[in-house]
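Undergrad: Have a look at this one before I ask anything.
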2 protein chains.
Amino acid sequence: VRRIAVALLHYPVLDRAGQEVTTAITNLDVHDIARSAYSYGIERYFVVHPIDAQRRLVERVREHWVSGAGRLRIPDRQFPMGSVEIVSDLAEAHATWSDDHPAEIWTTSAASGGDVLAHAEARGLLREAGAKVLFVFGTGWGLAPRVHAKSTRRLAPIPSVRPDGYNHLSVRAAAAILFDRLLGNPACVSEMPRPFEGSP
Amino acid sequence: VRRIAVALLHYPVLDRAGQEVTTAITNLDVHDIARSAYSYGIERYFVVHPIDAQRRLVERVREHWVSGAGRLRIPDRQFPMGSVEIVSDLAEAHATWSDDHPAEIWTTSAASGGDVLAHAEARGLLREAGAKVLFVFGTGWGLAPRVHAKSTRRLAPIPSVRPDGYNHLSVRAAAAILFDRLLGNPACVSEMPRPFEGSP
């Protein structure tokens, strides 16, 4: 059976000028991606941040929903929030997820070009026995190139349907759509014949 | 050519006990659904709230990104935020969107059962000439039954892939997935053979 985890990076990611930056934690990134991941059968969600105070913030949010007052108010939320793990860098997430079997790293990007993995092919690979993958998403203006350089594969972007090519989804929306395309039931795949050439 | 608008209702929606309530504006509901809608070629996004102070809040957010400091900081955001319209109730959204041609109302729900429109069929209907539709999403625990009673069609839920049927997506994630299933390029459709029977 396929085994999937997801990581959300806050460093190294790009700002709008293409420079490497560290972004701040967005509370709804924790909630929304946890809920989407859990709903699609993803086992673990690594929130990755290099700054200790930011990691402690996510830990407090997690505890509120897993064992604190939030659990009483919205009991359903404890399951996705319980899958959240807070780590310092991608290497730590990857090592943790590879503890019993080496996991591939599949990065994501809104930019096309290069050797990308089409969604239909990705879906097929995830149905093979023993598949174990870590999906990696970036905050800000997306993952720094050196993150893609460490990946096993880079997923094709979600293509724009607009004539002007506009394609600026939030990372929360992009993650939900990719989970549905790659893991959704029933088969809902895309051959991606017309990848969008454009901005990230 | 198909013409689509989307409405996000804050009243009448349900709370977790199934009672009708009015929910507060969530800033990222405005941003995320505006960005997803615009990226998928949806023309207008009606944020629907019965309370004047809440409508003014959304108006200030919109203006910040369309003509204020936000436009300078992230110019790309002006286009989706420019498609945001703030109205008092669903009737006002529907009347506005029906100004030149009557629009159908398609409601959404995470609950299955009843006479729902499968996503594959919905996608086909949206490819017919002259299709004009208003998608309606609810905040909180979803749209009140009396909203569904006013709809032309009710869309099938996004089915769970989990053995336990867990399916608690945020409205931001659910909207993104439905836009991709119904409007995404290329054909990515679902026959929905196994609708999830469960909680909203």
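To be explicit about the labels: the chains of the structure tokens are called A, B, and onward in the order shown, and within each one the residues are counted from 1, while ligands get numbers from 1 in the order they are shown.
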Residues of chain B no more than 6 Å from chain A, counting only C-alpha atoms: send them over as a list in words.
TA: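 Close to chain A, chain B has Arg35, Ser36, Ser39, Tyr40, Gly41, Val161, Arg162, Tyr166, Asn167, Leu169, Ala173, Ala176, Ile177, Asn185, Cys188 and Val189 of chain B.
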Undergrad: Put those residues in a file: all heavy atoms, as a compact mmCIF listing (two decimals), in the first residue's frame.
TA:
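Writing the result to again_38.txt gives the following:
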```txt
# COMPACT_ATOMS: atom_id res chain seq x y z
N ARG B 35 -8.56 33.79 -5.34
CA ARG B 35 -7.43 33.35 -6.17
C ARG B 35 -7.78 32.07 -6.94
O ARG B 35 -7.48 31.95 -8.13
CB ARG B 35 -6.20 33.11 -5.29
CG ARG B 35 -5.67 34.39 -4.68
CD ARG B 35 -4.65 34.13 -3.58
NE ARG B 35 -3.41 33.56 -4.10
CZ ARG B 35 -2.37 33.23 -3.32
NH1 ARG B 35 -2.44 33.41 -2.01
NH2 ARG B 35 -1.28 32.74 -3.85
N SER B 36 -8.41 31.11 -6.25
CA SER B 36 -8.79 29.87 -6.93
C SER B 36 -9.82 30.15 -8.02
O SER B 36 -9.71 29.64 -9.14
CB SER B 36 -9.35 28.86 -5.93
OG SER B 36 -8.37 28.45 -4.99
N SER B 39 -8.23 31.90 -10.98
CA SER B 39 -7.34 30.99 -11.71
C SER B 39 -8.11 30.00 -12.57
O SER B 39 -7.59 29.51 -13.57
CB SER B 39 -6.44 30.23 -10.72
OG SER B 39 -5.53 31.11 -10.08
N TYR B 40 -9.35 29.68 -12.19
CA TYR B 40 -10.16 28.74 -12.96
C TYR B 40 -11.18 29.44 -13.86
O TYR B 40 -12.12 28.81 -14.34
CB TYR B 40 -10.83 27.72 -12.03
CG TYR B 40 -9.85 26.61 -11.65
CD1 TYR B 40 -9.09 26.70 -10.48
CD2 TYR B 40 -9.63 25.53 -12.49
CE1 TYR B 40 -8.16 25.71 -10.15
CE2 TYR B 40 -8.72 24.55 -12.18
CZ TYR B 40 -7.99 24.64 -11.01
OH TYR B 40 -7.06 23.67 -10.72
N GLY B 41 -11.02 30.74 -14.08
CA GLY B 41 -11.86 31.44 -15.04
C GLY B 41 -13.24 31.80 -14.54
O GLY B 41 -14.14 32.09 -15.34
N VAL B 161 -11.57 9.15 0.62
CA VAL B 161 -10.79 7.98 0.21
C VAL B 161 -10.41 7.13 1.42
O VAL B 161 -9.78 6.09 1.28
CB VAL B 161 -9.50 8.39 -0.54
CG1 VAL B 161 -9.83 9.27 -1.73
CG2 VAL B 161 -8.50 9.06 0.37
N ARG B 162 -10.76 7.58 2.61
CA ARG B 162 -10.34 6.88 3.82
C ARG B 162 -11.31 5.75 4.16
O ARG B 162 -12.52 5.89 4.01
CB ARG B 162 -10.29 7.85 5.01
CG ARG B 162 -9.22 8.92 4.90
CD ARG B 162 -9.22 9.75 6.17
NE ARG B 162 -8.93 8.92 7.31
CZ ARG B 162 -7.71 8.66 7.77
NH1 ARG B 162 -6.68 9.21 7.20
NH2 ARG B 162 -7.52 7.87 8.81
N TYR B 166 -13.51 9.60 6.90
CA TYR B 166 -13.21 10.96 7.36
C TYR B 166 -13.08 11.90 6.18
O TYR B 166 -12.36 11.62 5.22
CB TYR B 166 -11.91 10.97 8.17
CG TYR B 166 -11.62 12.30 8.85
CD1 TYR B 166 -11.97 12.51 10.17
CD2 TYR B 166 -11.02 13.33 8.16
CE1 TYR B 166 -11.71 13.72 10.80
CE2 TYR B 166 -10.76 14.55 8.77
CZ TYR B 166 -11.11 14.73 10.08
OH TYR B 166 -10.85 15.93 10.69
N ASN B 167 -13.73 13.03 6.24
CA ASN B 167 -13.81 13.92 5.09
C ASN B 167 -14.14 15.33 5.57
O ASN B 167 -15.24 15.81 5.40
CB ASN B 167 -14.89 13.41 4.14
CG ASN B 167 -14.92 14.17 2.83
OD1 ASN B 167 -13.92 14.72 2.41
ND2 ASN B 167 -16.08 14.21 2.20
N LEU B 169 -12.73 18.61 4.89
CA LEU B 169 -11.95 19.62 4.19
C LEU B 169 -12.40 21.02 4.60
O LEU B 169 -13.57 21.23 4.92
CB LEU B 169 -12.13 19.47 2.68
CG LEU B 169 -11.67 18.15 2.07
CD1 LEU B 169 -12.21 18.04 0.64
CD2 LEU B 169 -10.16 18.03 2.09
N ALA B 173 -10.32 24.51 0.71
CA ALA B 173 -9.81 23.34 -0.01
C ALA B 173 -10.91 22.72 -0.88
O ALA B 173 -10.66 22.33 -2.02
CB ALA B 173 -9.26 22.31 0.98
N ALA B 176 -11.43 24.72 -4.04
CA ALA B 176 -10.33 24.53 -5.00
C ALA B 176 -10.49 23.20 -5.73
O ALA B 176 -10.33 23.12 -6.95
CB ALA B 176 -8.99 24.59 -4.26
N ILE B 177 -10.80 22.14 -4.99
CA ILE B 177 -10.93 20.81 -5.60
C ILE B 177 -12.12 20.78 -6.57
O ILE B 177 -12.03 20.24 -7.68
CB ILE B 177 -11.07 19.73 -4.52
CG1 ILE B 177 -9.75 19.60 -3.73
CG2 ILE B 177 -11.49 18.38 -5.12
CD1 ILE B 177 -9.88 18.80 -2.43
N ASN B 185 -8.40 21.94 -16.54
CA ASN B 185 -7.95 21.55 -17.86
C ASN B 185 -6.76 20.61 -17.71
O ASN B 185 -5.83 20.93 -16.99
CB ASN B 185 -7.51 22.79 -18.65
CG ASN B 185 -6.91 22.44 -19.99
OD1 ASN B 185 -7.29 21.46 -20.61
ND2 ASN B 185 -5.96 23.24 -20.42
N CYS B 188 -10.81 16.05 -16.27
CA CYS B 188 -10.42 15.37 -15.03
C CYS B 188 -11.74 15.18 -14.29
O CYS B 188 -12.14 16.02 -13.51
CB CYS B 188 -9.46 16.24 -14.23
SG CYS B 188 -9.04 15.59 -12.63
N VAL B 189 -12.41 14.09 -14.62
CA VAL B 189 -13.78 13.95 -14.15
C VAL B 189 -13.94 12.70 -13.29
O VAL B 189 -13.09 11.83 -13.26
CB VAL B 189 -14.77 13.87 -15.32
CG1 VAL B 189 -14.72 15.15 -16.13
CG2 VAL B 189 -14.49 12.67 -16.17
```
Undergrad: Identify, on the basis of only C-alpha atoms, every residue whose closest approach to B:His101 does not exceed 10 Å; exclude the query and any residue fewer than 4 positions from it along the same chain; express the result as a PDB file with C-alpha atoms, in the first residue's frame.
TA:
```pdb
ATOM      1  CA  ALA B  95     -30.002  38.786  -8.982  1.00  0.00           C
ATOM      2  CA  TRP B  97     -25.298  37.514 -11.535  1.00  0.00           C
ATOM      3  CA  GLY B 130     -25.157  29.280 -22.617  1.00  0.00           C
ATOM      4  CA  ALA B 131     -24.428  27.645 -19.271  1.00  0.00           C
ATOM      5  CA  LYS B 132     -24.621  30.245 -16.521  1.00  0.00           C
TER       6      LYS B 132
END
```
Undergrad: Using only C-alpha atoms, which protein or nucleic acid residues come within 6 Å of A:Tyr45? Drop anything in the same chain fewer than 3 positions from it, and give the result as a PyMOL selection string.
TA: chain A and resi 5-7+83-84
Undergrad: Extract the full set of strand (DSSP E) residues from stretch 2-127 of chain B according to DSSP on the backbone, and format it as a ChimeraX atom specification.
TA: /B:3-9,13-14,20-21,44-48,84-87,104-107
Undergrad: Kindly save the residues from that selection, with C-alpha atoms included, as a PDB file, in the first residue's frame.
TA:
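For reference, again_26.pdb as written:
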```pdb
ATOM      1  CA  ARG B   3     -20.152  31.729 -17.329  1.00  0.00           C
ATOM      2  CA  ILE B   4     -19.556  30.947 -13.685  1.00  0.00           C
ATOM      3  CA  ALA B   5     -19.733  32.917 -10.455  1.00  0.00           C
ATOM      4  CA  VAL B   6     -19.272  31.712  -6.900  1.00  0.00           C
ATOM      5  CA  ALA B   7     -20.874  32.801  -3.626  1.00  0.00           C
ATOM      6  CA  LEU B   8     -19.644  32.167  -0.085  1.00  0.00           C
ATOM      7  CA  LEU B   9     -22.444  32.332   2.484  1.00  0.00           C
ATOM      8  CA  VAL B  13     -25.294  28.239   7.674  1.00  0.00           C
ATOM      9  CA  LEU B  14     -25.178  25.512  10.307  1.00  0.00           C
ATOM     10  CA  GLU B  20     -28.639  28.075  11.913  1.00  0.00           C
ATOM     11  CA  VAL B  21     -25.992  30.667  12.696  1.00  0.00           C
ATOM     12  CA  ARG B  44     -17.291  36.944 -10.019  1.00  0.00           C
ATOM     13  CA  TYR B  45     -16.936  35.996  -6.347  1.00  0.00           C
ATOM     14  CA  PHE B  46     -19.739  37.128  -4.054  1.00  0.00           C
ATOM     15  CA  VAL B  47     -18.865  37.272  -0.357  1.00  0.00           C
ATOM     16  CA  VAL B  48     -22.298  37.145   1.298  1.00  0.00           C
ATOM     17  CA  VAL B  84     -14.802  40.118  -5.178  1.00  0.00           C
ATOM     18  CA  GLU B  85     -18.243  41.633  -4.604  1.00  0.00           C
ATOM     19  CA  ILE B  86     -19.789  42.086  -1.184  1.00  0.00           C
ATOM     20  CA  VAL B  87     -23.544  41.507  -0.860  1.00  0.00           C
ATOM     21  CA  GLU B 104     -28.788  28.459 -12.148  1.00  0.00           C
ATOM     22  CA  ILE B 105     -27.924  28.044  -8.465  1.00  0.00           C
ATOM     23  CA  TRP B 106     -25.732  25.013  -7.711  1.00  0.00           C
ATOM     24  CA  THR B 107     -25.237  24.439  -3.995  1.00  0.00           C
TER      25      THR B 107
END
```
Undergrad: State, in Å with one decimal place, the distance from atom CA of A:Ala24 to atom CA of A:Arg71.
TA: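 Separating atom CA of A:Ala24 from atom CA of A:Arg71 is a distance of 25.0 Å.
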Undergrad: Just want the 10 Å neighbourhood of A:Asp15, counted on only C-alpha atoms, with same-chain residues fewer than 2 positions away dropped. Output as a list in words.
TA: Pro12, Val13, Ala17, Gly18, Gln19, Glu20, Val21, Thr22, Thr23, Thr139, Gly140, Trp141, Gly142, Leu143 and Ala144 of chain A
Undergrad: Which one of B:His49, B:Glu128, B:Pro145, B:Ala111 sits closest to B:Glu92 if you count only C-alpha atoms?
TA: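 Checking each of B:His49, B:Glu128, B:Pro145, B:Ala111 against B:Glu92, counting only C-alpha atoms, the winner is B:His49.
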Undergrad: Just the number, please: distance in Å from atom CA of B:Ser151 to atom CA of B:Val30, one decimal.
TA: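 Atom CA of B:Val30 lies 22.9 Å from atom CA of B:Ser151.
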Undergrad: For A:Arg60, find every residue with an atom within 12 Å (counting only C-alpha atoms), except residues of its own chain fewer than 2 positions away, and show them as number ranges by chain.
TA: A: 27, 30, 53-58, 62-70, 81, 84-86
Undergrad: Could you take the residues named above and write them with N, CA and C atoms, as a PDB file, in the first residue's frame?
TA:
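Output below, filename part-v1.pdb:
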```
ATOM      1  N   ASN A  27      -1.292  30.292  10.388  1.00  0.00           N
ATOM      2  CA  ASN A  27      -2.092  29.316  11.137  1.00  0.00           C
ATOM      3  C   ASN A  27      -2.925  28.420  10.222  1.00  0.00           C
ATOM      4  N   VAL A  30      -1.372  25.365   8.654  1.00  0.00           N
ATOM      5  CA  VAL A  30      -1.318  24.180   9.514  1.00  0.00           C
ATOM      6  C   VAL A  30      -2.652  23.436   9.443  1.00  0.00           C
ATOM      7  N   ALA A  53      11.225  29.592  17.934  1.00  0.00           N
ATOM      8  CA  ALA A  53      10.002  30.235  18.432  1.00  0.00           C
ATOM      9  C   ALA A  53       8.814  29.943  17.511  1.00  0.00           C
ATOM     10  N   GLN A  54       9.082  29.850  16.223  1.00  0.00           N
ATOM     11  CA  GLN A  54       8.004  29.540  15.283  1.00  0.00           C
ATOM     12  C   GLN A  54       7.584  28.067  15.411  1.00  0.00           C
ATOM     13  N   ARG A  55       8.539  27.209  15.657  1.00  0.00           N
ATOM     14  CA  ARG A  55       8.192  25.790  15.867  1.00  0.00           C
ATOM     15  C   ARG A  55       7.357  25.631  17.141  1.00  0.00           C
ATOM     16  N   ARG A  56       7.715  26.385  18.184  1.00  0.00           N
ATOM     17  CA  ARG A  56       6.943  26.302  19.439  1.00  0.00           C
ATOM     18  C   ARG A  56       5.509  26.796  19.229  1.00  0.00           C
ATOM     19  N   LEU A  57       5.353  27.815  18.380  1.00  0.00           N
ATOM     20  CA  LEU A  57       4.007  28.313  18.067  1.00  0.00           C
ATOM     21  C   LEU A  57       3.148  27.198  17.449  1.00  0.00           C
ATOM     22  N   VAL A  58       3.715  26.494  16.490  1.00  0.00           N
ATOM     23  CA  VAL A  58       2.957  25.410  15.847  1.00  0.00           C
ATOM     24  C   VAL A  58       2.675  24.296  16.846  1.00  0.00           C
ATOM     25  N   ARG A  62      -0.938  22.841  17.726  1.00  0.00           N
ATOM     26  CA  ARG A  62      -1.199  21.396  17.651  1.00  0.00           C
ATOM     27  C   ARG A  62      -1.774  20.879  18.965  1.00  0.00           C
ATOM     28  N   GLU A  63      -1.154  21.232  20.086  1.00  0.00           N
ATOM     29  CA  GLU A  63      -1.607  20.715  21.384  1.00  0.00           C
ATOM     30  C   GLU A  63      -3.009  21.202  21.726  1.00  0.00           C
ATOM     31  N   HIS A  64      -3.311  22.450  21.336  1.00  0.00           N
ATOM     32  CA  HIS A  64      -4.652  22.991  21.582  1.00  0.00           C
ATOM     33  C   HIS A  64      -5.732  22.088  20.978  1.00  0.00           C
ATOM     34  N   TRP A  65      -5.433  21.569  19.786  1.00  0.00           N
ATOM     35  CA  TRP A  65      -6.445  20.771  19.084  1.00  0.00           C
ATOM     36  C   TRP A  65      -6.363  19.285  19.397  1.00  0.00           C
ATOM     37  N   VAL A  66      -5.173  18.821  19.806  1.00  0.00           N
ATOM     38  CA  VAL A  66      -5.010  17.387  20.064  1.00  0.00           C
ATOM     39  C   VAL A  66      -5.368  17.031  21.507  1.00  0.00           C
ATOM     40  N   SER A  67      -5.015  17.902  22.449  1.00  0.00           N
ATOM     41  CA  SER A  67      -5.266  17.562  23.855  1.00  0.00           C
ATOM     42  C   SER A  67      -5.802  18.723  24.667  1.00  0.00           C
ATOM     43  N   GLY A  68      -5.992  19.896  24.074  1.00  0.00           N
ATOM     44  CA  GLY A  68      -6.447  21.062  24.817  1.00  0.00           C
ATOM     45  C   GLY A  68      -7.921  21.366  24.589  1.00  0.00           C
ATOM     46  N   ALA A  69      -8.250  22.649  24.735  1.00  0.00           N
ATOM     47  CA  ALA A  69      -9.652  23.076  24.655  1.00  0.00           C
ATOM     48  C   ALA A  69     -10.244  22.865  23.266  1.00  0.00           C
ATOM     49  N   GLY A  70      -9.395  22.963  22.240  1.00  0.00           N
ATOM     50  CA  GLY A  70      -9.903  22.800  20.885  1.00  0.00           C
ATOM     51  C   GLY A  70     -10.480  21.416  20.651  1.00  0.00           C
ATOM     52  N   MET A  81      -4.875  17.174  13.166  1.00  0.00           N
ATOM     53  CA  MET A  81      -3.838  17.905  13.891  1.00  0.00           C
ATOM     54  C   MET A  81      -2.864  16.942  14.571  1.00  0.00           C
ATOM     55  N   VAL A  84       0.286  16.229  12.582  1.00  0.00           N
ATOM     56  CA  VAL A  84       1.256  17.312  12.390  1.00  0.00           C
ATOM     57  C   VAL A  84       2.513  17.040  13.210  1.00  0.00           C
ATOM     58  N   GLU A  85       3.680  17.175  12.558  1.00  0.00           N
ATOM     59  CA  GLU A  85       4.966  17.082  13.252  1.00  0.00           C
ATOM     60  C   GLU A  85       5.769  18.319  12.910  1.00  0.00           C
ATOM     61  N   ILE A  86       6.477  18.839  13.888  1.00  0.00           N
ATOM     62  CA  ILE A  86       7.198  20.096  13.707  1.00  0.00           C
ATOM     63  C   ILE A  86       8.693  19.793  13.703  1.00  0.00           C
TER      64      ILE A  86
END
```
Undergrad: Rounded to one decimal place, report the atom CA of B:Ala118-atom CA of B:Leu155 distance in Å.
TA: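 Distance between the two atoms: 6.5 Å.
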Undergrad: Enumerate the residues of stretch 28-158 of chain B with a DSSP assignment of alpha helix (DSSP H), computed from the backbone, and present them as a PyMOL selection string.
TA: chain B and resi 28-39+52-66+69-73+78-82+90-97+119-126+145-148
